[in-house]
Amino acid sequence: MHGALITVSVLFGANYVFTKHILDGGVPAGSWVLFRMLAATTVLVPLALLLRRRSAGWPRPVAWLGLVVAALFGIVLNQILFTAGLAHTTPEHSAVINAGIPTWTLLVAVLAGQERLGWRRVLAILLALGGVCWLLGVDRLLAGDGPPSADAARGDTVYGDLLTVANSIVFAVHLVLLRRLGRGIDPWLSTAVMFASGALMIGIWSGPAVATADLVAVATAPVLWFALYAVLFSTVLTYLLNTWALRHTHSSQVAIYINLQPLVAAALHTALGAPFPGGRFFGALALIAAGLWLQSRTRAN
């Protein structure tokens, strides 16, 4: 189980770097979102239908609608904001912001009436929020030092970081929606419904803007190898491993392992020639990790 969680974190951490290379390789963000989701849906939907429990039956119409709404947040908006954000920031920043997803999920669940707040949970949320603000350079703005820059060595990444914050929030909404739908729906069947409907919605949004040059760019090495990794390893394989791990452990353990992703992204990106991440990256990661640790240690108190 721990091996699966470590593998997922390593695969996801590398995905930030390889997706950045895809976007820098001439593939527009909107086109890449469509290519990735169509390819992943082609693999995952038949596999999910094969693995689903035949005894579970098909969801009721209300549940179908709920899954489509969950796909809108967890697949469509999530992928669009994630990819557009990564196009304007660094893999390290994107990874450290998304490490706070469990904390944003707690906050959304509290607002939805699914969870109660205790002082430790309040502190966990404040630590994660402080980490994001530190990464964005809000302290520089408040101190009157000019426009905040998340990392002077990397240039202005604030726009991309804000899109990534929005990505992490909409994914938190997705997770809360899935919890509200309940455990009565087979997870593999819900996977098939969400990926199919998500791919359709993304196709309607970005399909008209896709150009032949985008197809050529994604089919040309080395972008092709990065694209295959993003589809087969960081989408299909990680989804299967995550689904298996969540059935064999508590979600708090999954949240702790998510802290490995920014470190993997930073190490791989640096190994491929990028500058070493600045102090704001490590400070933000420390604050968000502390919040996740505190959140995992307690129930509402």
# chains A, B, ... in the order shown; residues from 1 in each chain; ligands from 1
>>> closest_atom_pairs(of="stretch 117-202 of chain A", to="stretch 77-100 of chain A", cutoff="10 Å", atoms="only C-alpha atoms", output="JSON lines")
{"residue": "A:Ile125", "atom": "CA", "partner": "A:Gly100", "partner_atom": "CA", "distance": 9.1}
{"residue": "A:Leu127", "atom": "CA", "partner": "A:Gly100", "partner_atom": "CA", "distance": 9.9}
{"residue": "A:Ala128", "atom": "CA", "partner": "A:Gly100", "partner_atom": "CA", "distance": 6.3}
{"residue": "A:Leu129", "atom": "CA", "partner": "A:Gly100", "partner_atom": "CA", "distance": 8.5}
{"residue": "A:Gly131", "atom": "CA", "partner": "A:Ile97", "partner_atom": "CA", "distance": 8.3}
{"residue": "A:Val132", "atom": "CA", "partner": "A:Ile97", "partner_atom": "CA", "distance": 6.5}
{"residue": "A:Leu135", "atom": "CA", "partner": "A:His93", "partner_atom": "CA", "distance": 7.7}
{"residue": "A:Leu136", "atom": "CA", "partner": "A:His93", "partner_atom": "CA", "distance": 9.4}
{"residue": "A:Ala150", "atom": "CA", "partner": "A:His93", "partner_atom": "CA", "distance": 8.5}
{"residue": "A:Asp151", "atom": "CA", "partner": "A:His93", "partner_atom": "CA", "distance": 9.3}
{"residue": "A:Arg154", "atom": "CA", "partner": "A:Thr90", "partner_atom": "CA", "distance": 7.8}
{"residue": "A:Gly155", "atom": "CA", "partner": "A:Thr89", "partner_atom": "CA", "distance": 8.8}
{"residue": "A:Asp156", "atom": "CA", "partner": "A:Thr89", "partner_atom": "CA", "distance": 7.9}
{"residue": "A:Thr157", "atom": "CA", "partner": "A:Thr89", "partner_atom": "CA", "distance": 4.7}
{"residue": "A:Val158", "atom": "CA", "partner": "A:Thr89", "partner_atom": "CA", "distance": 7.4}
{"residue": "A:Tyr159", "atom": "CA", "partner": "A:His88", "partner_atom": "CA", "distance": 6.6}
{"residue": "A:Gly160", "atom": "CA", "partner": "A:Gly85", "partner_atom": "CA", "distance": 4.0}
{"residue": "A:Asp161", "atom": "CA", "partner": "A:Thr89", "partner_atom": "CA", "distance": 6.1}
{"residue": "A:Leu162", "atom": "CA", "partner": "A:Gly85", "partner_atom": "CA", "distance": 7.4}
{"residue": "A:Leu163", "atom": "CA", "partner": "A:Gly85", "partner_atom": "CA", "distance": 4.8}
{"residue": "A:Thr164", "atom": "CA", "partner": "A:Gly85", "partner_atom": "CA", "distance": 5.1}
{"residue": "A:Val165", "atom": "CA", "partner": "A:Ile97", "partner_atom": "CA", "distance": 6.4}
{"residue": "A:Ala166", "atom": "CA", "partner": "A:Leu81", "partner_atom": "CA", "distance": 6.9}
{"residue": "A:Asn167", "atom": "CA", "partner": "A:Asn78", "partner_atom": "CA", "distance": 5.0}
{"residue": "A:Ser168", "atom": "CA", "partner": "A:Asn98", "partner_atom": "CA", "distance": 5.6}
{"residue": "A:Ile169", "atom": "CA", "partner": "A:Asn78", "partner_atom": "CA", "distance": 8.6}
{"residue": "A:Val170", "atom": "CA", "partner": "A:Asn78", "partner_atom": "CA", "distance": 6.2}
{"residue": "A:Phe171", "atom": "CA", "partner": "A:Asn78", "partner_atom": "CA", "distance": 5.9}
{"residue": "A:Ala172", "atom": "CA", "partner": "A:Asn78", "partner_atom": "CA", "distance": 9.6}
{"residue": "A:His174", "atom": "CA", "partner": "A:Asn78", "partner_atom": "CA", "distance": 8.9}
{"residue": "A:Gly198", "atom": "CA", "partner": "A:Leu77", "partner_atom": "CA", "distance": 9.3}
{"residue": "A:Met201", "atom": "CA", "partner": "A:Leu77", "partner_atom": "CA", "distance": 9.9}
{"residue": "A:Ile202", "atom": "CA", "partner": "A:Ile80", "partner_atom": "CA", "distance": 8.5}
>>> residues_around(residues="A:Ala192", least_positions_apart="5", cutoff="8 Å", atoms="only C-alpha atoms", output="PyMOL selection string")
chain A and resi 41+44-46+48-49
>>> select_by_dssp(residues="stretch 17-177 of chain A", states="helix (DSSP H, G or I)", output="tab-separated table (two decimals) with N, CA and C atoms, in the first residue's frame")
chain	number	residue	atom	x	y	z
A	17	VAL	N	6.63	18.36	-14.49
A	17	VAL	CA	7.78	18.73	-15.33
A	17	VAL	C	7.53	18.36	-16.78
A	18	PHE	N	7.03	17.16	-17.03
A	18	PHE	CA	6.83	16.72	-18.41
A	18	PHE	C	5.71	17.50	-19.10
A	19	THR	N	4.66	17.85	-18.34
A	19	THR	CA	3.60	18.67	-18.93
A	19	THR	C	4.13	20.05	-19.29
A	20	LYS	N	5.00	20.60	-18.45
A	20	LYS	CA	5.61	21.89	-18.76
A	20	LYS	C	6.40	21.81	-20.06
A	21	HIS	N	7.10	20.70	-20.27
A	21	HIS	CA	7.86	20.53	-21.51
A	21	HIS	C	6.92	20.41	-22.71
A	22	ILE	N	5.77	19.79	-22.53
A	22	ILE	CA	4.79	19.69	-23.61
A	22	ILE	C	4.30	21.08	-24.01
A	23	LEU	N	3.96	21.88	-23.01
A	23	LEU	CA	3.46	23.23	-23.29
A	23	LEU	C	4.55	24.11	-23.90
A	24	ASP	N	5.79	23.95	-23.43
A	24	ASP	CA	6.90	24.72	-24.00
A	24	ASP	C	7.29	24.21	-25.39
A	29	ALA	N	-2.26	25.11	-24.43
A	29	ALA	CA	-2.86	24.49	-23.25
A	29	ALA	C	-4.21	23.86	-23.56
A	30	GLY	N	-5.07	24.57	-24.30
A	30	GLY	CA	-6.39	24.04	-24.62
A	30	GLY	C	-6.33	22.77	-25.45
A	31	SER	N	-5.43	22.75	-26.42
A	31	SER	CA	-5.28	21.56	-27.26
A	31	SER	C	-4.74	20.39	-26.46
A	32	TRP	N	-3.77	20.66	-25.56
A	32	TRP	CA	-3.21	19.56	-24.78
A	32	TRP	C	-4.25	18.96	-23.84
A	33	VAL	N	-5.07	19.80	-23.22
A	33	VAL	CA	-6.13	19.28	-22.35
A	33	VAL	C	-7.03	18.33	-23.13
A	34	LEU	N	-7.40	18.70	-24.35
A	34	LEU	CA	-8.28	17.85	-25.15
A	34	LEU	C	-7.57	16.56	-25.54
A	35	PHE	N	-6.33	16.63	-26.00
A	35	PHE	CA	-5.59	15.43	-26.39
A	35	PHE	C	-5.45	14.47	-25.21
A	36	ARG	N	-5.07	15.02	-24.06
A	36	ARG	CA	-4.85	14.18	-22.88
A	36	ARG	C	-6.14	13.49	-22.45
A	37	MET	N	-7.24	14.23	-22.41
A	37	MET	CA	-8.47	13.65	-21.91
A	37	MET	C	-9.06	12.64	-22.90
A	38	LEU	N	-8.96	12.91	-24.19
A	38	LEU	CA	-9.47	11.94	-25.17
A	38	LEU	C	-8.67	10.65	-25.09
A	39	ALA	N	-7.35	10.75	-24.99
A	39	ALA	CA	-6.52	9.55	-24.91
A	39	ALA	C	-6.78	8.79	-23.62
A	40	ALA	N	-6.86	9.50	-22.50
A	40	ALA	CA	-7.09	8.84	-21.21
A	40	ALA	C	-8.48	8.21	-21.17
A	41	THR	N	-9.47	8.87	-21.74
A	41	THR	CA	-10.83	8.34	-21.75
A	41	THR	C	-10.90	7.07	-22.58
A	42	THR	N	-10.17	7.04	-23.69
A	42	THR	CA	-10.16	5.86	-24.55
A	42	THR	C	-9.63	4.64	-23.82
A	43	VAL	N	-8.70	4.85	-22.90
A	43	VAL	CA	-8.13	3.74	-22.12
A	43	VAL	C	-8.96	3.45	-20.87
A	44	LEU	N	-9.31	4.49	-20.12
A	44	LEU	CA	-9.92	4.30	-18.81
A	44	LEU	C	-11.38	3.84	-18.86
A	45	VAL	N	-12.17	4.36	-19.77
A	45	VAL	CA	-13.59	4.02	-19.79
A	45	VAL	C	-13.82	2.53	-20.04
A	46	PRO	N	-13.24	1.93	-21.08
A	46	PRO	CA	-13.44	0.48	-21.24
A	46	PRO	C	-12.90	-0.33	-20.06
A	47	LEU	N	-11.76	0.10	-19.51
A	47	LEU	CA	-11.18	-0.60	-18.37
A	47	LEU	C	-12.09	-0.50	-17.15
A	48	ALA	N	-12.64	0.70	-16.91
A	48	ALA	CA	-13.52	0.89	-15.76
A	48	ALA	C	-14.80	0.07	-15.90
A	49	LEU	N	-15.36	0.01	-17.09
A	49	LEU	CA	-16.57	-0.79	-17.31
A	49	LEU	C	-16.29	-2.27	-17.12
A	50	LEU	N	-15.07	-2.69	-17.45
A	50	LEU	CA	-14.68	-4.08	-17.25
A	50	LEU	C	-14.53	-4.42	-15.77
A	51	LEU	N	-14.01	-3.46	-14.98
A	51	LEU	CA	-13.73	-3.71	-13.57
A	51	LEU	C	-14.92	-3.46	-12.65
A	54	ARG	N	-20.80	-5.87	-11.25
A	54	ARG	CA	-22.06	-6.08	-11.97
A	54	ARG	C	-23.25	-6.01	-11.01
A	55	SER	N	-23.03	-6.35	-9.74
A	55	SER	CA	-24.13	-6.36	-8.77
A	55	SER	C	-24.54	-4.96	-8.34
A	56	ALA	N	-23.70	-3.95	-8.62
A	56	ALA	CA	-23.99	-2.60	-8.15
A	56	ALA	C	-25.13	-1.95	-8.93
A	61	PRO	N	-31.09	8.48	-12.15
A	61	PRO	CA	-30.90	9.71	-12.95
A	61	PRO	C	-30.29	10.86	-12.17
A	62	VAL	N	-30.68	11.02	-10.90
A	62	VAL	CA	-30.10	12.10	-10.08
A	62	VAL	C	-28.60	11.89	-9.89
A	63	ALA	N	-28.21	10.63	-9.70
A	63	ALA	CA	-26.79	10.32	-9.52
A	63	ALA	C	-26.02	10.57	-10.82
A	64	TRP	N	-26.63	10.25	-11.95
A	64	TRP	CA	-25.99	10.55	-13.24
A	64	TRP	C	-25.70	12.04	-13.35
A	65	LEU	N	-26.68	12.86	-13.02
A	65	LEU	CA	-26.50	14.31	-13.08
A	65	LEU	C	-25.40	14.75	-12.12
A	66	GLY	N	-25.38	14.16	-10.92
A	66	GLY	CA	-24.35	14.50	-9.95
A	66	GLY	C	-22.96	14.16	-10.46
A	67	LEU	N	-22.81	13.03	-11.14
A	67	LEU	CA	-21.52	12.64	-11.68
A	67	LEU	C	-21.07	13.59	-12.80
A	68	VAL	N	-22.01	14.06	-13.60
A	68	VAL	CA	-21.67	15.01	-14.67
A	68	VAL	C	-21.20	16.33	-14.05
A	69	VAL	N	-21.88	16.79	-12.99
A	69	VAL	CA	-21.46	18.02	-12.32
A	69	VAL	C	-20.08	17.82	-11.68
A	70	ALA	N	-19.87	16.64	-11.08
A	70	ALA	CA	-18.56	16.34	-10.49
A	70	ALA	C	-17.48	16.33	-11.56
A	71	ALA	N	-17.82	15.82	-12.75
A	71	ALA	CA	-16.86	15.82	-13.86
A	71	ALA	C	-16.54	17.23	-14.32
A	72	LEU	N	-17.54	18.11	-14.28
A	72	LEU	CA	-17.32	19.51	-14.67
A	72	LEU	C	-16.25	20.14	-13.79
A	73	PHE	N	-16.31	19.87	-12.48
A	73	PHE	CA	-15.33	20.44	-11.56
A	73	PHE	C	-14.02	19.64	-11.57
A	74	GLY	N	-14.11	18.32	-11.46
A	74	GLY	CA	-12.93	17.50	-11.24
A	74	GLY	C	-12.14	17.17	-12.48
A	75	ILE	N	-12.77	17.26	-13.65
A	75	ILE	CA	-12.06	16.94	-14.88
A	75	ILE	C	-11.95	18.16	-15.78
A	76	VAL	N	-13.05	18.79	-16.10
A	76	VAL	CA	-13.04	19.89	-17.07
A	76	VAL	C	-12.33	21.13	-16.50
A	77	LEU	N	-12.92	21.74	-15.47
A	77	LEU	CA	-12.31	22.94	-14.89
A	77	LEU	C	-10.95	22.64	-14.29
A	78	ASN	N	-10.83	21.49	-13.65
A	78	ASN	CA	-9.56	21.11	-13.04
A	78	ASN	C	-8.44	21.06	-14.08
A	79	GLN	N	-8.66	20.35	-15.19
A	79	GLN	CA	-7.61	20.20	-16.19
A	79	GLN	C	-7.33	21.51	-16.93
A	80	ILE	N	-8.38	22.27	-17.21
A	80	ILE	CA	-8.18	23.55	-17.90
A	80	ILE	C	-7.35	24.50	-17.05
A	81	LEU	N	-7.73	24.65	-15.77
A	81	LEU	CA	-7.02	25.58	-14.89
A	81	LEU	C	-5.62	25.07	-14.56
A	82	PHE	N	-5.48	23.77	-14.36
A	82	PHE	CA	-4.16	23.20	-14.08
A	82	PHE	C	-3.20	23.46	-15.24
A	83	THR	N	-3.64	23.16	-16.45
A	83	THR	CA	-2.76	23.29	-17.60
A	83	THR	C	-2.47	24.75	-17.93
A	84	ALA	N	-3.51	25.59	-17.90
A	84	ALA	CA	-3.29	27.02	-18.15
A	84	ALA	C	-2.39	27.63	-17.07
A	85	GLY	N	-2.56	27.19	-15.82
A	85	GLY	CA	-1.70	27.69	-14.75
A	85	GLY	C	-0.26	27.27	-14.94
A	86	LEU	N	-0.05	25.99	-15.29
A	86	LEU	CA	1.31	25.49	-15.46
A	86	LEU	C	2.02	26.17	-16.63
A	91	PRO	N	6.86	24.12	-12.60
A	91	PRO	CA	6.36	22.85	-12.08
A	91	PRO	C	6.39	22.80	-10.55
A	92	GLU	N	7.44	23.38	-9.94
A	92	GLU	CA	7.55	23.34	-8.48
A	92	GLU	C	6.41	24.12	-7.83
A	93	HIS	N	6.12	25.29	-8.34
A	93	HIS	CA	5.05	26.09	-7.75
A	93	HIS	C	3.70	25.41	-7.92
A	94	SER	N	3.47	24.87	-9.10
A	94	SER	CA	2.20	24.17	-9.34
A	94	SER	C	2.04	22.99	-8.38
A	95	ALA	N	3.12	22.24	-8.19
A	95	ALA	CA	3.05	21.06	-7.32
A	95	ALA	C	2.82	21.44	-5.86
A	96	VAL	N	3.49	22.49	-5.38
A	96	VAL	CA	3.36	22.85	-3.97
A	96	VAL	C	1.97	23.42	-3.69
A	97	ILE	N	1.40	24.16	-4.64
A	97	ILE	CA	0.04	24.66	-4.45
A	97	ILE	C	-0.96	23.52	-4.41
A	98	ASN	N	-0.81	22.56	-5.33
A	98	ASN	CA	-1.74	21.43	-5.37
A	98	ASN	C	-1.56	20.48	-4.19
A	101	ILE	N	-4.44	20.57	-1.68
A	101	ILE	CA	-5.79	20.14	-2.03
A	101	ILE	C	-6.54	19.48	-0.86
A	102	PRO	N	-5.91	18.59	-0.07
A	102	PRO	CA	-6.64	18.02	1.07
A	102	PRO	C	-7.16	19.06	2.05
A	103	THR	N	-6.40	20.14	2.24
A	103	THR	CA	-6.84	21.19	3.16
A	103	THR	C	-7.99	21.98	2.56
A	104	TRP	N	-7.92	22.29	1.25
A	104	TRP	CA	-9.04	23.00	0.62
A	104	TRP	C	-10.29	22.12	0.61
A	105	THR	N	-10.09	20.81	0.49
A	105	THR	CA	-11.23	19.89	0.54
A	105	THR	C	-11.90	19.94	1.91
A	106	LEU	N	-11.09	20.00	2.96
A	106	LEU	CA	-11.65	20.14	4.30
A	106	LEU	C	-12.45	21.44	4.42
A	107	LEU	N	-11.91	22.53	3.91
A	107	LEU	CA	-12.60	23.82	4.00
A	107	LEU	C	-13.92	23.80	3.23
A	108	VAL	N	-13.92	23.24	2.02
A	108	VAL	CA	-15.15	23.15	1.24
A	108	VAL	C	-16.16	22.24	1.93
A	109	ALA	N	-15.68	21.14	2.53
A	109	ALA	CA	-16.57	20.23	3.24
A	109	ALA	C	-17.20	20.91	4.46
A	110	VAL	N	-16.44	21.77	5.13
A	110	VAL	CA	-16.99	22.53	6.26
A	110	VAL	C	-18.08	23.48	5.76
A	111	LEU	N	-17.81	24.18	4.67
A	111	LEU	CA	-18.80	25.11	4.11
A	111	LEU	C	-20.05	24.38	3.64
A	119	TRP	N	-10.16	23.63	16.63
A	119	TRP	CA	-9.05	24.58	16.61
A	119	TRP	C	-7.87	24.05	15.80
A	120	ARG	N	-7.65	22.74	15.83
A	120	ARG	CA	-6.54	22.19	15.05
A	120	ARG	C	-6.81	22.29	13.55
A	121	ARG	N	-8.02	22.06	13.17
A	121	ARG	CA	-8.37	22.18	11.76
A	121	ARG	C	-8.30	23.64	11.30
A	122	VAL	N	-8.70	24.55	12.14
A	122	VAL	CA	-8.58	25.97	11.80
A	122	VAL	C	-7.11	26.32	11.60
A	123	LEU	N	-6.25	25.83	12.49
A	123	LEU	CA	-4.81	26.10	12.36
A	123	LEU	C	-4.25	25.46	11.09
A	124	ALA	N	-4.72	24.25	10.76
A	124	ALA	CA	-4.26	23.58	9.54
A	124	ALA	C	-4.61	24.39	8.30
A	125	ILE	N	-5.82	24.93	8.26
A	125	ILE	CA	-6.25	25.75	7.13
A	125	ILE	C	-5.43	27.03	7.05
A	126	LEU	N	-5.18	27.66	8.20
A	126	LEU	CA	-4.40	28.89	8.23
A	126	LEU	C	-2.96	28.65	7.77
A	127	LEU	N	-2.38	27.51	8.16
A	127	LEU	CA	-1.02	27.20	7.73
A	127	LEU	C	-0.95	27.01	6.21
A	128	ALA	N	-1.91	26.28	5.66
A	128	ALA	CA	-1.93	26.07	4.21
A	128	ALA	C	-2.14	27.38	3.47
A	129	LEU	N	-3.06	28.20	3.96
A	129	LEU	CA	-3.31	29.50	3.35
A	129	LEU	C	-2.06	30.38	3.44
A	130	GLY	N	-1.37	30.32	4.59
A	130	GLY	CA	-0.14	31.07	4.75
A	130	GLY	C	0.93	30.62	3.77
A	131	GLY	N	0.99	29.31	3.51
A	131	GLY	CA	1.96	28.80	2.54
A	131	GLY	C	1.72	29.33	1.14
A	132	VAL	N	0.45	29.36	0.73
A	132	VAL	CA	0.13	29.88	-0.59
A	132	VAL	C	0.43	31.38	-0.68
A	133	CYS	N	0.07	32.12	0.37
A	133	CYS	CA	0.35	33.56	0.38
A	133	CYS	C	1.85	33.84	0.34
A	134	TRP	N	2.62	33.02	1.03
A	134	TRP	CA	4.07	33.19	1.02
A	134	TRP	C	4.63	32.92	-0.38
A	135	LEU	N	4.12	31.88	-1.04
A	135	LEU	CA	4.56	31.56	-2.38
A	135	LEU	C	4.21	32.68	-3.36
A	136	LEU	N	3.04	33.29	-3.18
A	136	LEU	CA	2.60	34.36	-4.06
A	136	LEU	C	3.31	35.69	-3.78
A	138	VAL	N	2.69	37.70	-1.11
A	138	VAL	CA	1.75	38.68	-0.57
A	138	VAL	C	2.44	39.57	0.47
A	139	ASP	N	3.41	39.03	1.19
A	139	ASP	CA	4.12	39.82	2.19
A	139	ASP	C	4.86	40.99	1.56
A	140	ARG	N	5.38	40.79	0.35
A	140	ARG	CA	6.07	41.87	-0.35
A	140	ARG	C	5.10	42.97	-0.75
A	141	LEU	N	3.91	42.57	-1.14
A	141	LEU	CA	2.90	43.55	-1.51
A	141	LEU	C	2.48	44.37	-0.30
A	142	LEU	N	2.26	43.68	0.83
A	142	LEU	CA	1.84	44.38	2.05
A	142	LEU	C	2.94	45.29	2.59
A	152	ALA	N	11.80	35.53	-7.72
A	152	ALA	CA	12.46	36.49	-8.60
A	152	ALA	C	13.36	35.80	-9.62
A	153	ALA	N	13.92	34.67	-9.24
A	153	ALA	CA	14.82	33.96	-10.16
A	153	ALA	C	14.08	33.35	-11.34
A	154	ARG	N	12.77	33.12	-11.18
A	154	ARG	CA	11.99	32.49	-12.24
A	154	ARG	C	11.12	33.49	-13.00
A	158	VAL	N	2.99	34.82	-10.72
A	158	VAL	CA	1.79	35.00	-9.90
A	158	VAL	C	0.53	34.62	-10.66
A	159	TYR	N	0.42	35.02	-11.93
A	159	TYR	CA	-0.79	34.69	-12.70
A	159	TYR	C	-1.00	33.18	-12.78
A	160	GLY	N	0.06	32.46	-13.13
A	160	GLY	CA	-0.04	31.00	-13.19
A	160	GLY	C	-0.33	30.39	-11.84
A	161	ASP	N	0.27	30.95	-10.78
A	161	ASP	CA	0.02	30.43	-9.44
A	161	ASP	C	-1.45	30.62	-9.03
A	162	LEU	N	-2.02	31.77	-9.39
A	162	LEU	CA	-3.43	32.01	-9.05
A	162	LEU	C	-4.36	31.06	-9.81
A	163	LEU	N	-4.04	30.79	-11.06
A	163	LEU	CA	-4.83	29.80	-11.81
A	163	LEU	C	-4.71	28.42	-11.16
A	164	THR	N	-3.53	28.10	-10.65
A	164	THR	CA	-3.33	26.82	-9.99
A	164	THR	C	-4.08	26.75	-8.67
A	165	VAL	N	-4.14	27.86	-7.94
A	165	VAL	CA	-4.96	27.89	-6.72
A	165	VAL	C	-6.42	27.61	-7.08
A	166	ALA	N	-6.91	28.24	-8.16
A	166	ALA	CA	-8.29	27.99	-8.60
A	166	ALA	C	-8.46	26.53	-8.97
A	167	ASN	N	-7.46	25.93	-9.60
A	167	ASN	CA	-7.51	24.51	-9.96
A	167	ASN	C	-7.64	23.64	-8.71
A	168	SER	N	-6.86	23.94	-7.68
A	168	SER	CA	-6.93	23.12	-6.47
A	168	SER	C	-8.27	23.27	-5.76
A	169	ILE	N	-8.87	24.45	-5.83
A	169	ILE	CA	-10.17	24.67	-5.18
A	169	ILE	C	-11.28	23.93	-5.92
A	170	VAL	N	-11.29	24.00	-7.25
A	170	VAL	CA	-12.36	23.31	-7.99
A	170	VAL	C	-12.23	21.79	-7.83
A	171	PHE	N	-10.99	21.30	-7.69
A	171	PHE	CA	-10.84	19.86	-7.46
A	171	PHE	C	-11.33	19.48	-6.06
A	172	ALA	N	-11.14	20.37	-5.09
A	172	ALA	CA	-11.68	20.14	-3.75
A	172	ALA	C	-13.20	20.07	-3.80
A	173	VAL	N	-13.82	20.96	-4.58
A	173	VAL	CA	-15.28	20.91	-4.75
A	173	VAL	C	-15.69	19.57	-5.36
A	174	HIS	N	-14.94	19.11	-6.32
A	174	HIS	CA	-15.19	17.80	-6.96
A	174	HIS	C	-15.20	16.67	-5.92
A	175	LEU	N	-14.20	16.66	-5.05
A	175	LEU	CA	-14.11	15.60	-4.04
A	175	LEU	C	-15.28	15.66	-3.06
A	176	VAL	N	-15.70	16.86	-2.69
A	176	VAL	CA	-16.84	17.00	-1.78
A	176	VAL	C	-18.13	16.55	-2.47
A	177	LEU	N	-18.28	16.86	-3.74
A	177	LEU	CA	-19.45	16.40	-4.50
A	177	LEU	C	-19.50	14.88	-4.56
